[in-house]
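Data from start_4.csv: CSV, C-alpha atoms
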chain,number,residue,atom,x,y,z
A,233,MET,CA,7.6,14.4,8.0
A,234,ALA,CA,6.1,16.1,4.9
A,235,SER,CA,2.8,17.8,4.9
A,236,SER,CA,0.9,19.5,7.8
A,237,VAL,CA,-2.6,20.6,8.6
A,238,VAL,CA,-1.7,22.6,11.6
A,239,LYS,CA,-1.2,26.4,11.1
A,240,PRO,CA,0.9,28.1,13.7
A,241,ASN,CA,-1.1,30.6,15.7
A,242,PRO,CA,0.5,33.9,16.8
A,243,PHE,CA,0.5,32.8,20.5
A,244,THR,CA,2.3,29.5,20.2
A,245,ARG,CA,4.5,30.8,17.4
A,246,ASP,CA,6.1,33.3,19.8
A,247,LEU,CA,6.8,30.8,22.6
A,248,LYS,CA,10.5,30.5,23.5
A,249,TRP,CA,11.8,26.9,24.0
A,250,SER,CA,14.8,26.4,26.2
A,251,GLY,CA,17.4,23.7,25.4
A,252,THR,CA,16.0,21.4,28.0
A,253,GLU,CA,12.4,21.9,26.8
A,254,LYS,CA,13.5,21.1,23.3
A,255,MET,CA,15.0,17.9,24.5
A,256,ILE,CA,11.9,16.9,26.5
A,257,ALA,CA,9.7,17.8,23.5
A,258,LYS,CA,11.8,15.7,21.1
A,259,ARG,CA,11.8,12.7,23.4
A,260,ALA,CA,8.0,12.9,23.9
A,261,PHE,CA,7.5,13.4,20.1
A,262,ASP,CA,9.7,10.4,19.3
A,263,LEU,CA,8.0,8.3,21.9
A,264,ALA,CA,4.6,9.0,20.5
A,265,LEU,CA,5.8,8.4,16.9
A,266,GLN,CA,7.3,5.0,18.0
A,267,ARG,CA,4.0,4.1,19.7
A,268,GLU,CA,2.1,4.9,16.6
A,269,PHE,CA,4.5,2.9,14.4
A,270,ASP,CA,4.3,-0.1,16.8
A,271,ALA,CA,0.5,0.0,16.5
A,272,VAL,CA,0.6,0.1,12.7
A,273,ILE,CA,3.2,-2.7,12.6
A,274,ARG,CA,1.0,-4.8,15.0
A,275,ASN,CA,-2.1,-4.2,12.9
A,276,THR,CA,-0.2,-4.9,9.6
A,277,LYS,CA,1.1,-8.3,10.9
A,278,LYS,CA,-2.4,-9.2,12.1
A,279,MET,CA,-4.1,-8.2,8.8
A,280,ALA,CA,-1.5,-10.0,6.8
A,281,SER,CA,-1.8,-13.2,8.7
A,282,LYS,CA,-5.5,-13.2,8.1
A,283,ILE,CA,-5.3,-12.6,4.3
A,284,GLU,CA,-7.4,-15.2,2.5
A,285,LYS,CA,-9.0,-13.5,-0.5
A,286,ASN,CA,-7.4,-11.4,-3.2
A,287,THR,CA,-9.3,-8.3,-2.1
A,288,ASP,CA,-7.7,-8.6,1.4
A,289,LEU,CA,-4.5,-7.6,-0.2
A,290,TRP,CA,-5.8,-4.2,-1.3
A,291,LYS,CA,-7.4,-3.6,2.0
A,292,LEU,CA,-4.0,-4.0,3.6
A,293,GLU,CA,-2.5,-1.7,0.9
A,294,SER,CA,-5.1,0.9,1.6
A,295,TYR,CA,-4.6,0.6,5.4
A,296,LEU,CA,-0.9,1.2,4.9
A,297,THR,CA,-1.4,4.2,2.7
A,298,ARG,CA,-3.8,5.8,5.1
A,299,SER,CA,-1.5,5.2,8.0
A,300,ARG,CA,1.4,6.7,6.2
A,301,ARG,CA,-0.6,9.9,5.4
A,302,LYS,CA,-2.0,10.1,8.9
A,303,ILE,CA,1.5,9.9,10.4
A,304,ASP,CA,2.8,12.5,7.9
A,305,ARG,CA,0.0,14.9,8.9
A,306,GLN,CA,0.0,14.2,12.6
A,307,PHE,CA,3.7,14.3,13.4
A,308,ASP,CA,4.7,17.9,12.5
A,309,TRP,CA,7.9,18.8,14.2
A,310,ARG,CA,7.8,22.6,14.3
A,311,TYR,CA,8.0,24.4,17.6
A,312,SER,CA,5.4,26.9,16.4
A,313,VAL,CA,2.7,24.1,16.2
A,314,LEU,CA,4.0,21.7,18.8
A,315,PRO,CA,1.5,22.5,21.6
A,316,GLU,CA,-1.4,21.6,19.2
A,317,VAL,CA,0.5,18.5,18.0
A,318,PHE,CA,1.1,17.4,21.5
A,319,ALA,CA,-2.6,18.0,22.4
A,320,GLY,CA,-3.6,15.8,19.5
A,321,LEU,CA,-1.2,13.0,20.5
A,322,ILE,CA,-2.6,13.1,24.1
A,323,ARG,CA,-6.2,13.0,22.8
A,324,LYS,CA,-5.3,9.9,20.7
A,325,GLY,CA,-3.7,8.2,23.7
A,326,LEU,CA,-0.2,8.3,22.2
A,327,LEU,CA,1.1,10.6,25.0
A,328,ARG,CA,0.2,11.3,28.6
A,329,GLU,CA,0.7,14.7,30.2
A,330,GLU,CA,3.4,13.1,32.3
A,331,ASP,CA,5.5,12.5,29.2
A,332,LEU,CA,5.7,16.3,28.9
A,333,GLN,CA,6.8,16.9,32.4
A,334,GLY,CA,9.5,19.6,32.5
A,335,LEU,CA,7.9,21.8,29.8
A,336,GLY,CA,7.2,25.4,31.0
A,337,ASP,CA,3.7,26.4,32.0
A,338,ASP,CA,3.5,28.7,29.0
A,339,LYS,CA,3.6,25.6,26.8
A,340,LEU,CA,1.5,23.4,29.0
A,341,LYS,CA,-1.2,26.1,29.1
A,342,TYR,CA,-1.6,25.9,25.3
A,343,ILE,CA,-1.4,22.2,25.2
A,344,ARG,CA,-4.3,22.0,27.7
A,345,LEU,CA,-6.2,24.6,25.7
A,346,TYR,CA,-6.1,22.4,22.6
A,347,LEU,CA,-7.1,19.2,24.5
B,239,MET,CA,-9.2,-5.2,-14.7
B,240,ALA,CA,-8.6,-1.5,-15.6
B,241,SER,CA,-5.8,-0.3,-17.7
B,242,SER,CA,-3.9,-2.2,-20.5
B,243,VAL,CA,-0.6,-1.8,-22.3
B,244,VAL,CA,-1.4,-4.3,-25.1
B,245,LYS,CA,-2.8,-2.9,-28.3
B,246,PRO,CA,-4.9,-5.3,-30.4
B,247,ASN,CA,-3.1,-6.0,-33.7
B,248,PRO,CA,-5.2,-6.5,-36.9
B,249,PHE,CA,-4.4,-10.2,-37.0
B,250,THR,CA,-5.4,-11.3,-33.4
B,251,ARG,CA,-8.3,-8.8,-33.5
B,252,ASP,CA,-10.0,-10.7,-36.3
B,253,LEU,CA,-9.7,-14.2,-34.7
B,254,LYS,CA,-13.0,-15.9,-34.1
B,255,TRP,CA,-13.4,-17.7,-30.8
B,256,SER,CA,-15.8,-20.6,-30.5
B,257,GLY,CA,-17.9,-21.1,-27.3
B,258,THR,CA,-15.6,-23.9,-26.2
B,259,GLU,CA,-12.5,-21.8,-26.9
B,260,LYS,CA,-13.9,-19.0,-24.9
B,261,MET,CA,-14.4,-21.3,-22.0
B,262,ILE,CA,-10.9,-22.8,-22.2
B,263,ALA,CA,-9.4,-19.3,-22.4
B,264,LYS,CA,-11.4,-18.1,-19.4
B,265,ARG,CA,-10.4,-21.1,-17.3
B,266,ALA,CA,-6.7,-20.6,-18.2
B,267,PHE,CA,-6.9,-16.8,-17.6
B,268,ASP,CA,-8.5,-17.3,-14.2
B,269,LEU,CA,-6.0,-20.1,-13.3
B,270,ALA,CA,-3.0,-17.8,-14.1
B,271,LEU,CA,-4.7,-14.9,-12.2
B,272,GLN,CA,-5.2,-17.1,-9.1
B,273,ARG,CA,-1.6,-18.3,-9.3
B,274,GLU,CA,-0.4,-14.7,-9.4
B,275,PHE,CA,-2.6,-13.7,-6.5
B,276,ASP,CA,-1.4,-16.7,-4.5
B,277,ALA,CA,2.2,-15.6,-5.1
B,278,VAL,CA,1.4,-12.0,-4.0
B,279,ILE,CA,-0.4,-13.3,-0.9
B,280,ARG,CA,2.5,-15.6,0.0
B,281,ASN,CA,5.0,-12.8,-0.4
B,282,THR,CA,2.9,-10.3,1.6
B,283,LYS,CA,2.6,-12.7,4.5
B,284,LYS,CA,6.3,-13.3,4.5
B,285,MET,CA,7.2,-9.6,4.2
B,286,ALA,CA,4.7,-8.7,7.0
B,287,SER,CA,6.0,-11.4,9.3
B,288,LYS,CA,9.5,-9.9,8.9
B,289,ILE,CA,8.6,-6.3,9.6
B,290,GLU,CA,10.9,-4.8,12.3
B,291,LYS,CA,11.6,-1.3,11.3
B,292,ASN,CA,9.2,1.5,10.4
B,293,THR,CA,10.5,1.7,6.9
B,294,ASP,CA,9.6,-2.0,6.3
B,295,LEU,CA,5.9,-0.9,6.4
B,296,TRP,CA,6.3,1.4,3.4
B,297,LYS,CA,8.3,-1.3,1.6
B,298,LEU,CA,5.3,-3.6,2.0
B,299,GLU,CA,2.9,-0.8,0.9
B,300,SER,CA,5.0,-0.1,-2.2
B,301,TYR,CA,5.2,-3.9,-3.0
B,302,LEU,CA,1.4,-4.1,-2.8
B,303,THR,CA,0.8,-1.0,-5.0
B,304,ARG,CA,3.3,-2.3,-7.6
B,305,SER,CA,1.6,-5.8,-7.6
B,306,ARG,CA,-1.9,-4.3,-8.0
B,307,ARG,CA,-0.8,-2.2,-11.0
B,308,LYS,CA,1.1,-5.1,-12.5
B,309,ILE,CA,-2.0,-7.4,-12.3
B,310,ASP,CA,-4.2,-4.7,-13.7
B,311,ARG,CA,-1.8,-4.3,-16.7
B,312,GLN,CA,-1.1,-7.9,-17.3
B,313,PHE,CA,-4.5,-9.5,-17.0
B,314,ASP,CA,-6.4,-7.9,-19.8
B,315,TRP,CA,-9.4,-9.9,-20.7
B,316,ARG,CA,-10.2,-8.9,-24.3
B,317,TYR,CA,-10.2,-11.6,-27.0
B,318,SER,CA,-8.4,-9.2,-29.4
B,319,VAL,CA,-5.3,-9.1,-27.2
B,320,LEU,CA,-5.6,-12.5,-25.5
B,321,PRO,CA,-2.9,-14.4,-27.5
B,322,GLU,CA,-0.3,-11.8,-26.4
B,323,VAL,CA,-1.6,-11.9,-22.9
B,324,PHE,CA,-1.4,-15.7,-22.8
B,325,ALA,CA,2.1,-15.6,-24.2
B,326,GLY,CA,3.1,-13.2,-21.5
B,327,LEU,CA,1.6,-15.4,-18.8
B,328,ILE,CA,3.5,-18.4,-20.2
B,329,ARG,CA,6.8,-16.4,-20.3
B,330,LYS,CA,6.2,-15.5,-16.6
B,331,GLY,CA,5.6,-19.1,-15.6
B,332,LEU,CA,1.9,-18.5,-14.7
B,333,LEU,CA,0.6,-20.8,-17.5
B,334,ARG,CA,1.9,-23.7,-19.5
B,335,GLU,CA,1.0,-24.4,-23.1
B,336,GLU,CA,-0.9,-27.5,-21.8
B,337,ASP,CA,-3.3,-25.1,-19.9
B,338,LEU,CA,-4.4,-23.8,-23.3
B,339,GLN,CA,-5.1,-27.2,-24.9
B,340,GLY,CA,-8.2,-27.1,-27.0
B,341,LEU,CA,-7.6,-23.7,-28.5
B,342,GLY,CA,-7.5,-23.7,-32.3
B,343,ASP,CA,-4.2,-23.6,-34.2
B,344,ASP,CA,-5.0,-20.0,-35.4
B,345,LYS,CA,-4.8,-18.8,-31.7
B,346,LEU,CA,-1.9,-21.1,-30.7
B,347,LYS,CA,0.1,-19.8,-33.7
B,348,TYR,CA,-0.1,-16.2,-32.4
B,349,ILE,CA,0.6,-17.2,-28.8
B,350,ARG,CA,3.8,-19.0,-29.9
B,351,LEU,CA,4.7,-16.0,-32.1
B,352,TYR,CA,4.6,-13.7,-29.0
B,353,LEU,CA,6.6,-16.2,-26.8
Show me, as structure tokens, the structure contained in the file I just sent.
Amino acid sequence: MASSVVKPNPFTRDLKWSGTEKMIAKRAFDLALQREFDAVIRNTKKMASKIEKNTDLWKLESYLTRSRRKIDRQFDWRYSVLPEVFAGLIRKGLLREEDLQGLGDDKLKYIRLYL
Amino acid sequence: MASSVVKPNPFTRDLKWSGTEKMIAKRAFDLALQREFDAVIRNTKKMASKIEKNTDLWKLESYLTRSRRKIDRQFDWRYSVLPEVFAGLIRKGLLREEDLQGLGDDKLKYIRLYL
């Protein structure tokens, strides 16, 4: 994913991720991304099926552009910002804390801090 | 419609359009525009119904953006460029010469010239 709004802070930047934690994080990240994609696909199909007027076309175009940018911004795969990213995904209902089970308390502490 | 690629040439720029001709031209223009919109709506619904992968979303977004720009470029409602615009619409199958019945020979001559 391209751009990002999250700046690493000195605390989360210095966290050490074990191999297992990296795997758990990646699985949760991909799960949330797929959930977000599934929602956008569902909305797109629904909007398209309801198109009647010419202007409905550009509403769909604008929805797709906004969704693409939001996904680019939101899904920032860098360990240094991952606690904040995960907190955002939990807030948006794309992840539950259970999906992150297995991460060390040092990471979970920051995730909860950002919630 | 916003931008245009067609530059008025000195010959079509000086054509005089009667009230009836303006009406005929407007009706043909709107007819072609609606045909183009109908085609884009049809394609959009078809593409949306076939979306399976995430990348299919951005293909649809890109198709909509290209269609919007094409329509903006192609449908240029200025009498000075209308003969060339009509010729283009005939070439693309969005109008037939019969749709322009009632326009004076001075206009039809230029339309045929651009075909």
message: For a quick check of understanding, using only C-alpha atoms, which of A:Lys324, A:Arg259, A:Lys277, A:Lys341 has the smallest distance to chain B?
response: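 Among the listed residues, the smallest separation from chain B belongs to A:Lys277.
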- request: Return as a ChimeraX atom specification the residues belonging to chain A that are within 6 Å of chain B, counting only C-alpha atoms.
  value: /A:277,280,293,296
query: B:Ala263, B:Leu271, B:Gly340, B:Lys297: which is nearest Leu320 (chain B), counting all atoms listed in the file?
result: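 Nearest candidate to Leu320 (chain B) out of B:Ala263, B:Leu271, B:Gly340, B:Lys297: B:Ala263.
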message: What does the structure give for the distance between CA of Asn241 (chain A) and CA of Gln306 (chain A), in Å to one decimal?
response: 16.7 Å
Near-Gln333 (chain A) list (12 Å; only C-alpha atoms; drop same-chain fewer than 5 positions) as an NGL selection string: :A and (252-253 or 255-257 or 259-260 or 327-328 or 339-340)
d(CA of Tyr348 (chain B), CA of Pro321 (chain B)) in Å: 5.9 Å
Residue contacts of Val317 (chain A) (9 Å, all atoms listed in the file) excluding same-chain residues fewer than 2 positions away, as a VMD selection string: chain A and resid 238 261 306 to 309 313 to 315 319 to 322 343 346
- request: Give me, please, the distance in Å between CA of Leu345 (chain A) and CA of Ala264 (chain A), quoted to one decimal.
  value: 19.7 Å
query: Quick one: residues within 7 Å of Ser312 (chain A), only C-alpha atoms counted, chain neighbours fewer than 2 positions away excluded, as JSON, numbers by chain?
result: {"A": [240, 244, 245, 310, 314]}
